[in-house]
Amino acid sequence: MAAVKNTAYVLSRRALNARPSLPCFPSPPPARPFLRLFSSSRPASRPNFASQTFTLNTGAKIPAIGLGTWQSRPNEVAVAVEAALKAGYRHIDTAAAYGNEAEVGAGIKASGVPRDQIWLTTKLFNTDHKRVAEALDDSLAKLGVDYVDLYLIHWPASVIPGQKAVFEDWNFVDTWREVQKLVGTGKVKNIGVSNFAIKNLEILLNDPSCKIVPAVNQIELHPCNPSPKLVAYNTSKGIHSTGYSCLGSTNSPLYTNATLKALADAKGKTVQQVLLVWGIQKGWSVIPKSVTPARIEGNFDIDGWSLTDDEVKTIDAMTERFKVCGDGWLPIKVFFGDDE
């Protein structure tokens with residue numbers, strides 16, 4: 001697992017370094033009064049986003065906001081998970097590839113929050129596609145739990161261990177066939193996928209072996225990678241979207257974006273809070289990553305206000321694009337430009 005962990009960090013950094021230097025800095029529209037730009041004829045509602053849930057196609061309810069743990073460094077995750085749960089989070093996201101499942105489990109235990117009050121997601125790593133049941137057992141042992149609420153195929157790439165190549169006799173359709181067998185074992189409550197484009201979802205859903213529609217497709221979602229066609233496709237098939245890198249990831253250029261900063265200042269909120277509420281109001285769950293207790297609490301402080309229709313449209317209108325996590329590190333292409 002150490003090798004997988006190191007590979008995940010190296011590859012994720014490559015993806016970050018490959019993005020444009022100034023990817024998401026739309027200029028404010030000229031000569032438009034600020035209040036007019038962010039006004040709306042419809043008054044904002046005052047929902048409780050922190051306790052909101054989305055109902056999946058299984059009937060299960062996934063919390064709208066959770067704590068992401070991708071790119072969290074060793075020895076930081078347990079404290080972050082404990083802090084998040086004590087702050088009120090009830091949704092924790094991890095993966096075998098992150099190499100931190102044991103720390104996540106330690107944080108859950110230290111929090112004192114009962115297991116049945118926590119939504120816990122983990123993911124199957126690319127090199128484990130031919131050993132799905134065993135890989136799940138490995139994750140459960142590291143997490144120190146008897147079940148996960150959601151188990152995802154992390155990437156639609158069945159990679160040969162130790163090689164940058166995929167199996168010729170196995171693909172994600174075969175993997176999904178094995179994942180479906182986990183339902184009813186008591187070890188998973190829901191199953192889904194991650195990083196599946198429309199093209200690959202079509203392949204999966206149209207295969208005769210697909211008896212269960214994925215409950216979730218976890219994908220990169222933020223204003224500079226909004227993926228409206230993919231989100232709409234997910235919804236049309238009864239698949240819930242969860243947005244990772246919803247704040248744009250580490251050292252995000254979104255934090256200094258002129259439009260977002262102006263909107264956040266007008267609302268008396270942080271850019272991060274605006275981004276999270278935007279995502280939830282768009283209909284997907286969000287899993288912001290942080291290891292700093294104050295930021296973890298700040299990201300969760302999103303109750304009692306909302307974005308107006310005009311404010312949502314202003315964010316939707318941002319035209320600059322960047323992707324935190326591409327597919328160049330994989331042996332096959334999994335993103336096809338069919339998401340927007």
# chains A, B, ... in the order shown; residues from 1 in each chain; ligands from 1
>>> select_by_dssp(residues="stretch 90-163 of chain A", states="helix (DSSP H, G or I)", output="ChimeraX atom specification")
/A:96-98,101-111,115-117,126-128,132-143
>>> closest_atom_pairs(of="stretch 32-113 of chain A", to="stretch 135-143 of chain A", cutoff="6 Å", atoms="only C-alpha atoms", output="JSON lines")
{"residue": "A:Glu101", "atom": "CA", "partner": "A:Leu143", "partner_atom": "CA", "distance": 5.2}
{"residue": "A:Ala102", "atom": "CA", "partner": "A:Lys142", "partner_atom": "CA", "distance": 4.5}
{"residue": "A:Gly105", "atom": "CA", "partner": "A:Leu143", "partner_atom": "CA", "distance": 4.2}
>>> write_last_selection(atoms="C-alpha atoms", output="PDB file, in the first residue's frame")
ATOM      1  CA  GLU A 101      -7.924   4.470   5.597  1.00  0.00           C
ATOM      2  CA  ALA A 102      -6.357   3.448   8.911  1.00  0.00           C
ATOM      3  CA  GLY A 105     -10.731   4.829  11.099  1.00  0.00           C
TER       4      GLY A 105
END
>>> closest_residue(among="A:Gln218, A:Thr292, A:Ser209, A:Gln71", to="A:Thr122", atoms="only C-alpha atoms")
A:Gln218
>>> select_by_dssp(residues="stretch 136-231 of chain A", states="strand (DSSP E)", output="NGL selection string")
:A and (150-153 or 191-194 or 216-220)
>>> write_last_selection(atoms="N, CA, C and O atoms", output="PDB file, in the first residue's frame")
ATOM      1  N   LEU A 150     -20.806   3.507   1.222  1.00  0.00           N
ATOM      2  CA  LEU A 150     -20.682   3.621  -0.230  1.00  0.00           C
ATOM      3  C   LEU A 150     -19.323   3.099  -0.664  1.00  0.00           C
ATOM      4  O   LEU A 150     -18.293   3.513  -0.125  1.00  0.00           O
ATOM      5  N   TYR A 151     -19.329   2.193  -1.636  1.00  0.00           N
ATOM      6  CA  TYR A 151     -18.092   1.640  -2.186  1.00  0.00           C
ATOM      7  C   TYR A 151     -18.062   1.949  -3.672  1.00  0.00           C
ATOM      8  O   TYR A 151     -18.985   1.596  -4.416  1.00  0.00           O
ATOM      9  N   LEU A 152     -17.012   2.648  -4.106  1.00  0.00           N
ATOM     10  CA  LEU A 152     -16.919   3.118  -5.474  1.00  0.00           C
ATOM     11  C   LEU A 152     -15.770   2.464  -6.239  1.00  0.00           C
ATOM     12  O   LEU A 152     -14.702   2.208  -5.663  1.00  0.00           O
ATOM     13  N   ILE A 153     -15.967   2.229  -7.531  1.00  0.00           N
ATOM     14  CA  ILE A 153     -14.843   1.963  -8.426  1.00  0.00           C
ATOM     15  C   ILE A 153     -14.162   3.310  -8.635  1.00  0.00           C
ATOM     16  O   ILE A 153     -14.760   4.227  -9.187  1.00  0.00           O
ATOM     17  N   ILE A 191     -23.389   1.067  -3.780  1.00  0.00           N
ATOM     18  CA  ILE A 191     -22.233   0.948  -4.664  1.00  0.00           C
ATOM     19  C   ILE A 191     -22.326   1.999  -5.768  1.00  0.00           C
ATOM     20  O   ILE A 191     -23.415   2.447  -6.140  1.00  0.00           O
ATOM     21  N   GLY A 192     -21.168   2.391  -6.275  1.00  0.00           N
ATOM     22  CA  GLY A 192     -21.157   3.409  -7.314  1.00  0.00           C
ATOM     23  C   GLY A 192     -19.823   3.459  -8.020  1.00  0.00           C
ATOM     24  O   GLY A 192     -18.982   2.553  -7.889  1.00  0.00           O
ATOM     25  N   VAL A 193     -19.618   4.542  -8.749  1.00  0.00           N
ATOM     26  CA  VAL A 193     -18.412   4.696  -9.555  1.00  0.00           C
ATOM     27  C   VAL A 193     -17.831   6.088  -9.332  1.00  0.00           C
ATOM     28  O   VAL A 193     -18.448   6.949  -8.701  1.00  0.00           O
ATOM     29  N   SER A 194     -16.662   6.306  -9.869  1.00  0.00           N
ATOM     30  CA  SER A 194     -15.996   7.604  -9.768  1.00  0.00           C
ATOM     31  C   SER A 194     -15.205   7.838 -11.045  1.00  0.00           C
ATOM     32  O   SER A 194     -14.657   6.890 -11.623  1.00  0.00           O
ATOM     33  N   VAL A 216     -24.010   6.471  -7.211  1.00  0.00           N
ATOM     34  CA  VAL A 216     -23.239   7.716  -7.211  1.00  0.00           C
ATOM     35  C   VAL A 216     -22.184   7.667  -8.301  1.00  0.00           C
ATOM     36  O   VAL A 216     -21.621   6.595  -8.577  1.00  0.00           O
ATOM     37  N   ASN A 217     -21.917   8.799  -8.919  1.00  0.00           N
ATOM     38  CA  ASN A 217     -20.722   8.989  -9.743  1.00  0.00           C
ATOM     39  C   ASN A 217     -19.969  10.159  -9.131  1.00  0.00           C
ATOM     40  O   ASN A 217     -20.432  11.298  -9.201  1.00  0.00           O
ATOM     41  N   GLN A 218     -18.834   9.893  -8.504  1.00  0.00           N
ATOM     42  CA  GLN A 218     -18.042  10.954  -7.874  1.00  0.00           C
ATOM     43  C   GLN A 218     -17.081  11.517  -8.921  1.00  0.00           C
ATOM     44  O   GLN A 218     -16.240  10.795  -9.465  1.00  0.00           O
ATOM     45  N   ILE A 219     -17.211  12.821  -9.181  1.00  0.00           N
ATOM     46  CA  ILE A 219     -16.453  13.454 -10.253  1.00  0.00           C
ATOM     47  C   ILE A 219     -15.929  14.814  -9.793  1.00  0.00           C
ATOM     48  O   ILE A 219     -16.406  15.369  -8.807  1.00  0.00           O
ATOM     49  N   GLU A 220     -14.950  15.330 -10.508  1.00  0.00           N
ATOM     50  CA  GLU A 220     -14.422  16.659 -10.191  1.00  0.00           C
ATOM     51  C   GLU A 220     -15.450  17.719 -10.592  1.00  0.00           C
ATOM     52  O   GLU A 220     -15.854  17.786 -11.751  1.00  0.00           O
TER      53      GLU A 220
END
>>> atom_distance(atom1="atom CA of A:Leu124", atom2="atom CA of A:Thr175")
9.7 Å
>>> closest_atom_pairs(of="stretch 157-235 of chain A", to="stretch 247-269 of chain A", cutoff="10 Å", atoms="only C-alpha atoms", output="tab-separated table")
residue	atom	partner	partner_atom	distance
A:Glu220	CA	A:Gly248	CA	8.8
A:Leu221	CA	A:Gly248	CA	8.3
A:His222	CA	A:Gly248	CA	6.4
A:Pro223	CA	A:Leu254	CA	8.4
A:Cys224	CA	A:Gly248	CA	8.2
A:Asn225	CA	A:Gly248	CA	9.0
>>> residues_around(residues="stretch 296-308 of chain A", least_positions_apart="4", cutoff="10 Å", atoms="only C-alpha atoms", output="ChimeraX atom specification")
/A:38-52,65-67,80-81,83-89,263,267,269-278,280-281,287-292,312-314
>>> atom_distance(atom1="atom CA of A:Thr185", atom2="atom CA of A:Arg115")
18.0 Å
>>> residues_around(residues="A:His91", least_positions_apart="4", cutoff="6 Å", atoms="only C-alpha atoms", output="ChimeraX atom specification")
/A:66,118-120
